[in-house]
>>> print(open('target-v2.cif').read())   # mmCIF, C-alpha atoms
data_model
loop_
_atom_site.group_PDB
_atom_site.id
_atom_site.type_symbol
_atom_site.label_atom_id
_atom_site.label_comp_id
_atom_site.auth_asym_id
_atom_site.auth_seq_id
_atom_site.Cartn_x
_atom_site.Cartn_y
_atom_site.Cartn_z
ATOM 1 C CA MET A 1 0.000 0.000 0.000
ATOM 2 C CA SER A 2 1.291 3.481 -0.759
ATOM 3 C CA TYR A 3 0.083 5.015 2.526
ATOM 4 C CA THR A 4 -0.851 4.080 6.084
ATOM 5 C CA ILE A 5 -2.896 5.959 8.682
ATOM 6 C CA ARG A 6 -2.729 5.052 12.380
ATOM 7 C CA ASN A 7 -3.685 6.950 15.512
ATOM 8 C CA LEU A 8 -0.548 7.089 17.642
ATOM 9 C CA ARG A 9 -2.463 6.473 20.876
ATOM 10 C CA ASP A 10 -3.601 3.133 19.396
ATOM 11 C CA VAL A 11 0.001 1.956 18.909
ATOM 12 C CA PRO A 12 1.102 -0.327 21.792
ATOM 13 C CA ASP A 13 2.728 1.470 24.735
ATOM 14 C CA MET A 14 6.136 -0.105 25.262
ATOM 15 C CA ALA A 15 6.657 1.793 28.532
ATOM 16 C CA LYS A 16 3.701 -0.090 29.994
ATOM 17 C CA LYS A 17 5.057 -3.391 28.672
ATOM 18 C CA PHE A 18 8.426 -2.788 30.388
ATOM 19 C CA GLY A 19 7.051 -1.452 33.691
ATOM 20 C CA HIS A 20 7.618 2.276 33.191
ATOM 21 C CA SER A 21 3.984 3.402 32.938
ATOM 22 C CA ASP A 22 4.191 5.410 36.180
ATOM 23 C CA SER A 23 6.416 7.977 34.459
ATOM 24 C CA GLN A 24 5.888 7.741 30.712
ATOM 25 C CA GLU A 25 4.392 6.302 27.549
ATOM 26 C CA ALA A 26 6.409 5.190 24.498
ATOM 27 C CA HIS A 27 4.549 4.357 21.273
ATOM 28 C CA PHE A 28 6.971 3.170 18.543
ATOM 29 C CA ALA A 29 4.925 3.429 15.360
ATOM 30 C CA HIS A 30 7.276 2.461 12.525
ATOM 31 C CA LYS A 31 5.934 -1.114 12.230
ATOM 32 C CA GLU A 32 2.275 -0.068 12.418
ATOM 33 C CA LEU A 33 2.927 2.529 9.716
ATOM 34 C CA GLY A 34 4.920 0.114 7.558
ATOM 35 C CA ALA A 35 7.916 2.468 7.572
ATOM 36 C CA GLU A 36 10.965 0.902 5.951
ATOM 37 C CA THR A 37 13.693 3.463 6.690
ATOM 38 C CA VAL A 38 12.172 5.990 9.118
ATOM 39 C CA GLY A 39 12.114 5.478 12.879
ATOM 40 C CA PHE A 40 9.161 7.222 14.504
ATOM 41 C CA SER A 41 7.675 7.372 17.994
ATOM 42 C CA PHE A 42 5.162 9.259 20.129
ATOM 43 C CA GLN A 43 6.351 9.698 23.699
ATOM 44 C CA VAL A 44 4.616 11.133 26.756
ATOM 45 C CA VAL A 45 6.332 12.086 29.989
ATOM 46 C CA LYS A 46 3.760 12.377 32.760
ATOM 47 C CA PRO A 47 3.414 15.632 34.752
ATOM 48 C CA GLY A 48 6.345 16.221 37.113
ATOM 49 C CA LYS A 49 8.094 12.982 36.061
ATOM 50 C CA ARG A 50 11.338 12.084 34.322
ATOM 51 C CA GLN A 51 11.792 9.380 31.729
ATOM 52 C CA ALA A 52 12.755 6.104 33.383
ATOM 53 C CA PHE A 53 16.181 6.046 31.728
ATOM 54 C CA ALA A 54 18.467 8.006 29.435
ATOM 55 C CA HIS A 55 19.855 6.672 26.177
ATOM 56 C CA ARG A 56 22.217 7.375 23.303
ATOM 57 C CA HIS A 57 22.699 6.067 19.780
ATOM 58 C CA GLU A 58 26.074 5.233 18.251
ATOM 59 C CA GLN A 59 25.206 6.400 14.743
ATOM 60 C CA ALA A 60 21.653 7.735 14.584
ATOM 61 C CA GLU A 61 20.734 11.411 14.594
ATOM 62 C CA GLU A 62 17.254 12.060 16.019
ATOM 63 C CA ILE A 63 14.862 14.986 16.045
ATOM 64 C CA TYR A 64 12.416 15.426 18.925
ATOM 65 C CA VAL A 65 9.458 17.794 18.496
ATOM 66 C CA VAL A 66 7.526 18.927 21.572
ATOM 67 C CA ILE A 67 3.866 18.829 20.548
ATOM 68 C CA ALA A 68 2.355 19.654 23.942
ATOM 69 C CA GLY A 69 3.415 20.682 27.415
ATOM 70 C CA SER A 70 6.827 21.772 28.592
ATOM 71 C CA GLY A 71 9.770 20.572 30.625
ATOM 72 C CA ARG A 72 13.498 20.009 30.259
ATOM 73 C CA VAL A 73 15.813 17.871 28.196
ATOM 74 C CA LYS A 74 19.146 16.673 29.553
ATOM 75 C CA LEU A 75 21.758 16.477 26.781
ATOM 76 C CA ASP A 76 25.003 15.009 28.124
ATOM 77 C CA ASP A 77 25.839 17.434 30.973
ATOM 78 C CA GLU A 78 23.499 20.271 29.952
ATOM 79 C CA ALA A 79 19.803 20.753 30.824
ATOM 80 C CA GLN A 80 17.655 22.917 28.544
ATOM 81 C CA GLU A 81 14.078 24.145 28.943
ATOM 82 C CA VAL A 82 11.676 23.014 26.187
ATOM 83 C CA ARG A 83 8.103 23.946 25.289
ATOM 84 C CA ALA A 84 5.473 23.248 22.637
ATOM 85 C CA LEU A 85 6.785 23.367 19.067
ATOM 86 C CA ASP A 86 10.447 23.292 20.075
ATOM 87 C CA ALA A 87 12.429 20.969 17.798
ATOM 88 C CA ILE A 88 15.562 19.399 19.258
ATOM 89 C CA ARG A 89 18.147 17.795 16.956
ATOM 90 C CA ILE A 90 20.381 15.345 18.797
ATOM 91 C CA ALA A 91 23.609 14.109 17.240
ATOM 92 C CA PRO A 92 24.853 10.524 17.564
ATOM 93 C CA GLY A 93 26.612 9.810 20.854
ATOM 94 C CA VAL A 94 24.732 12.407 22.916
ATOM 95 C CA VAL A 95 22.997 11.076 26.049
ATOM 96 C CA ARG A 96 19.394 12.293 26.186
ATOM 97 C CA THR A 97 16.445 12.137 28.561
ATOM 98 C CA PHE A 98 13.401 14.313 29.271
ATOM 99 C CA GLU A 99 11.624 15.686 32.333
ATOM 100 C CA ALA A 100 8.041 16.993 32.210
ATOM 101 C CA GLY A 101 6.711 20.157 33.775
ATOM 102 C CA ASP A 102 3.409 20.399 35.645
ATOM 103 C CA GLU A 103 1.299 19.839 32.506
ATOM 104 C CA GLY A 104 3.317 16.919 31.165
ATOM 105 C CA LEU A 105 5.331 16.663 27.969
ATOM 106 C CA GLU A 106 4.370 15.085 24.628
ATOM 107 C CA LEU A 107 7.020 14.413 21.981
ATOM 108 C CA ILE A 108 7.220 13.113 18.435
ATOM 109 C CA VAL A 109 10.597 11.548 17.605
ATOM 110 C CA PHE A 110 12.004 11.082 14.085
ATOM 111 C CA GLY A 111 15.190 9.408 12.936
ATOM 112 C CA PRO A 112 16.559 6.633 10.769
ATOM 113 C CA ARG A 113 15.686 3.065 11.690
ATOM 114 C CA HIS A 114 18.480 1.937 14.000
ATOM 115 C CA GLU A 115 17.455 -1.207 15.808
ATOM 116 C CA GLY A 116 20.063 -2.690 18.097
ATOM 117 C CA GLU A 117 22.495 0.231 18.359
ATOM 118 C CA VAL A 118 21.068 1.992 21.397
ATOM 119 C CA GLU A 119 22.775 2.241 24.783
ATOM 120 C CA ILE A 120 20.350 2.414 27.727
ATOM 121 C CA ILE A 121 21.654 4.363 30.732
ATOM 122 C CA THR A 122 19.849 3.482 33.936
ATOM 123 C CA GLU A 123 21.839 5.529 36.451
ATOM 124 C CA ASP A 124 20.602 9.042 37.257
ATOM 125 C CA VAL A 125 22.105 11.433 34.705
ATOM 126 C CA TRP A 126 20.313 14.500 36.056
ATOM 127 C CA GLY A 127 22.386 15.050 39.194
ATOM 128 C CA ASP A 128 19.532 17.411 40.143
ATOM 129 C CA ALA A 129 20.493 19.727 37.271
#
>>> encode(input="target-v2.cif", output="structure tokens")
Amino acid sequence: MSYTIRNLRDVPDMAKKFGHSDSQEAHFAHKELGAETVGFSFQVVKPGKRQAFAHRHEQAEEIYVVIAGSGRVKLDDEAQEVRALDAIRIAPGVVRTFEAGDEGLELIVFGPRHEGEVEIITEDVWGDA
């Protein structure tokens, strides 16, 4: 088929599957959309919460677009405020994680498909930044 339409809230929530539903949602939609080369996700960080872990990619550049809410993004050792319609380009190798403000934070994430080359960082990278 030459197109696919899916509601992102109907895509399975992987955060729930892996026990992180108290702080976030993570809907990875590339399979449901039939995307061959584009990685795509809808992520929600619940009000006043941080994502359960940080991560980095060895080779993949990603772009995060804040579609609702506000909060902060931690990029390596630097924390930056973000709000609706901010677009954040993150180069390969940069550790990233998000924290939501009082109204929560909703993000769309774009990048190349890059299964298997992600490093999950479970220790606290915020250091109360």
>>> resolve_selection(input="target-v2.cif", expression="the PyMOL selection byres ((chain A and resi 117-128) around 10)", output="list in words")
Arg50, Ala52, Phe53, Ala54, His55, Arg56, His57, Glu58, Gln59, Ala60, Val73, Lys74, Leu75, Asp76, Asp77, Glu78, Ala79, Gly93, Val95, Arg96, Thr97, Phe98, Glu99, Arg113, His114, Glu115, Gly116 and Ala129 of chain A
>>> residues_around(input="target-v2.cif", residues="Leu85 of chain A", least_positions_apart="5", cutoff="9 Å", atoms="only C-alpha atoms", output="list in words")
Val65, Val66, Ile67 and Ala68 of chain A
>>> closest_residue(input="target-v2.cif", among="A:Leu105, A:Ile63, A:Leu33, A:Ala15", to="Ala91 of chain A", atoms="all atoms listed in the file")
A:Ile63
>>> resolve_selection(input="target-v2.cif", expression="the PyMOL selection byres ((chain A and resi 48) around 8)", output="count of residues only")
10
>>> axis_aligned_box(input="target-v2.cif", around="segment 84-100 of chain A", padding_each_side="3 Å", output="lines of an AutoDock Vina configuration file")
center_x = 16.0
center_y = 16.6
center_z = 24.6
size_x = 27.1
size_y = 19.6
size_z = 21.4
>>> atom_distance(input="target-v2.cif", atom1="atom CA of Lys31 of chain A", atom2="atom CA of Ile5 of chain A")
11.9 Å
>>> residues_near_point(input="target-v2.cif", point="(18.2, 12.3, 15.4)", cutoff="10 Å", atoms="all atoms listed in the file", output="PyMOL selection string")
chain A and resi 39+57+59-64+88-92+94+109-112
>>> residues_near_point(input="target-v2.cif", point="(9.8, 23.5, 25.6)", cutoff="8 Å", atoms="all atoms listed in the file", output="PyMOL selection string")
chain A and resi 66+69-72+81-86
>>> write_last_selection(input="target-v2.cif", atoms="C-alpha atoms", output="CSV table (one decimal), keeping the file's coordinate frame")
chain,number,residue,atom,x,y,z
A,66,VAL,CA,7.5,18.9,21.6
A,69,GLY,CA,3.4,20.7,27.4
A,70,SER,CA,6.8,21.8,28.6
A,71,GLY,CA,9.8,20.6,30.6
A,72,ARG,CA,13.5,20.0,30.3
A,81,GLU,CA,14.1,24.1,28.9
A,82,VAL,CA,11.7,23.0,26.2
A,83,ARG,CA,8.1,23.9,25.3
A,84,ALA,CA,5.5,23.2,22.6
A,85,LEU,CA,6.8,23.4,19.1
A,86,ASP,CA,10.4,23.3,20.1
>>> atom_distance(input="target-v2.cif", atom1="atom CA of Leu8 of chain A", atom2="atom CA of Phe28 of chain A")
8.5 Å
>>> atom_distance(input="target-v2.cif", atom1="atom CA of Gly34 of chain A", atom2="atom CA of Glu106 of chain A")
22.7 Å
>>> resolve_selection(input="target-v2.cif", expression="the PyMOL selection byres ((chain A and resi 10) around 12)", output="number ranges by chain")
A: 5-9, 11-14, 25-29, 32-33, 42
>>> build_atoms(input="target-v2.cif", residues="segment 53-64 of chain A", atoms="all heavy atoms", output="short mmCIF file (atom, residue, chain, number, x, y, z; two decimals), keeping the file's coordinate frame")
data_model
loop_
_atom_site.label_atom_id
_atom_site.label_comp_id
_atom_site.auth_asym_id
_atom_site.auth_seq_id
_atom_site.Cartn_x
_atom_site.Cartn_y
_atom_site.Cartn_z
N PHE A 53 14.76 6.24 32.02
CA PHE A 53 16.18 6.05 31.73
C PHE A 53 16.60 7.03 30.64
O PHE A 53 15.77 7.58 29.93
CB PHE A 53 16.48 4.60 31.28
CG PHE A 53 15.62 4.14 30.14
CD1 PHE A 53 15.98 4.41 28.83
CD2 PHE A 53 14.45 3.44 30.39
CE1 PHE A 53 15.18 4.00 27.78
CE2 PHE A 53 13.64 3.02 29.34
CZ PHE A 53 14.01 3.29 28.04
N ALA A 54 17.90 7.23 30.53
CA ALA A 54 18.47 8.01 29.44
C ALA A 54 18.96 7.02 28.38
O ALA A 54 19.04 5.81 28.63
CB ALA A 54 19.62 8.86 29.95
N HIS A 55 19.27 7.54 27.20
CA HIS A 55 19.86 6.67 26.18
C HIS A 55 20.68 7.49 25.19
O HIS A 55 20.62 8.71 25.18
CB HIS A 55 18.77 5.86 25.45
CG HIS A 55 17.99 6.63 24.44
ND1 HIS A 55 16.98 7.51 24.78
CD2 HIS A 55 18.07 6.66 23.09
CE1 HIS A 55 16.47 8.03 23.68
NE2 HIS A 55 17.11 7.54 22.63
N ARG A 56 21.46 6.77 24.40
CA ARG A 56 22.22 7.38 23.30
C ARG A 56 22.30 6.37 22.17
O ARG A 56 22.17 5.16 22.39
CB ARG A 56 23.60 7.83 23.76
CG ARG A 56 24.60 6.72 23.87
CD ARG A 56 26.01 7.24 24.11
NE ARG A 56 26.43 6.77 25.42
CZ ARG A 56 27.13 7.48 26.27
NH1 ARG A 56 27.52 8.69 25.97
NH2 ARG A 56 27.47 6.98 27.43
N HIS A 57 22.53 6.90 20.97
CA HIS A 57 22.70 6.07 19.78
C HIS A 57 24.11 6.25 19.25
O HIS A 57 24.64 7.36 19.27
CB HIS A 57 21.69 6.46 18.69
CG HIS A 57 20.27 6.23 19.11
ND1 HIS A 57 19.71 4.98 19.16
CD2 HIS A 57 19.33 7.10 19.53
CE1 HIS A 57 18.46 5.09 19.57
NE2 HIS A 57 18.21 6.36 19.81
N GLU A 58 24.72 5.17 18.78
CA GLU A 58 26.07 5.23 18.25
C GLU A 58 26.14 6.02 16.95
O GLU A 58 27.09 6.77 16.73
CB GLU A 58 26.60 3.82 18.00
CG GLU A 58 26.78 2.99 19.24
CD GLU A 58 27.16 1.55 18.90
OE1 GLU A 58 27.63 1.30 17.77
OE2 GLU A 58 26.97 0.69 19.76
N GLN A 59 25.13 5.83 16.08
CA GLN A 59 25.21 6.40 14.74
C GLN A 59 24.00 7.24 14.35
O GLN A 59 24.08 8.00 13.40
CB GLN A 59 25.38 5.28 13.72
CG GLN A 59 26.64 4.49 13.93
CD GLN A 59 26.78 3.35 12.94
OE1 GLN A 59 26.13 3.31 11.92
NE2 GLN A 59 27.63 2.40 13.26
N ALA A 60 22.89 7.11 15.04
CA ALA A 60 21.65 7.74 14.58
C ALA A 60 21.47 9.15 15.13
O ALA A 60 21.57 9.38 16.33
CB ALA A 60 20.45 6.89 14.98
N GLU A 61 21.18 10.07 14.24
CA GLU A 61 20.73 11.41 14.59
C GLU A 61 19.22 11.35 14.77
O GLU A 61 18.54 10.67 14.01
CB GLU A 61 21.08 12.37 13.45
CG GLU A 61 20.55 13.76 13.62
CD GLU A 61 20.87 14.63 12.42
OE1 GLU A 61 20.41 14.30 11.30
OE2 GLU A 61 21.60 15.61 12.59
N GLU A 62 18.70 12.02 15.80
CA GLU A 62 17.25 12.06 16.02
C GLU A 62 16.78 13.50 16.16
O GLU A 62 17.53 14.37 16.57
CB GLU A 62 16.87 11.30 17.30
CG GLU A 62 17.05 9.82 17.22
CD GLU A 62 16.57 9.10 18.46
OE1 GLU A 62 16.84 9.59 19.59
OE2 GLU A 62 15.94 8.05 18.31
N ILE A 63 15.51 13.69 15.83
CA ILE A 63 14.86 14.99 16.05
C ILE A 63 13.63 14.75 16.89
O ILE A 63 12.79 13.90 16.58
CB ILE A 63 14.48 15.66 14.72
CG1 ILE A 63 15.74 15.98 13.93
CG2 ILE A 63 13.67 16.94 14.99
CD1 ILE A 63 15.51 16.56 12.56
N TYR A 64 13.55 15.47 18.01
CA TYR A 64 12.42 15.43 18.92
C TYR A 64 11.63 16.72 18.73
O TYR A 64 12.22 17.80 18.72
CB TYR A 64 12.90 15.36 20.37
CG TYR A 64 13.55 14.05 20.75
CD1 TYR A 64 14.81 13.70 20.27
CD2 TYR A 64 12.92 13.17 21.61
CE1 TYR A 64 15.42 12.51 20.62
CE2 TYR A 64 13.52 11.97 21.98
CZ TYR A 64 14.76 11.65 21.48
OH TYR A 64 15.35 10.46 21.84
#
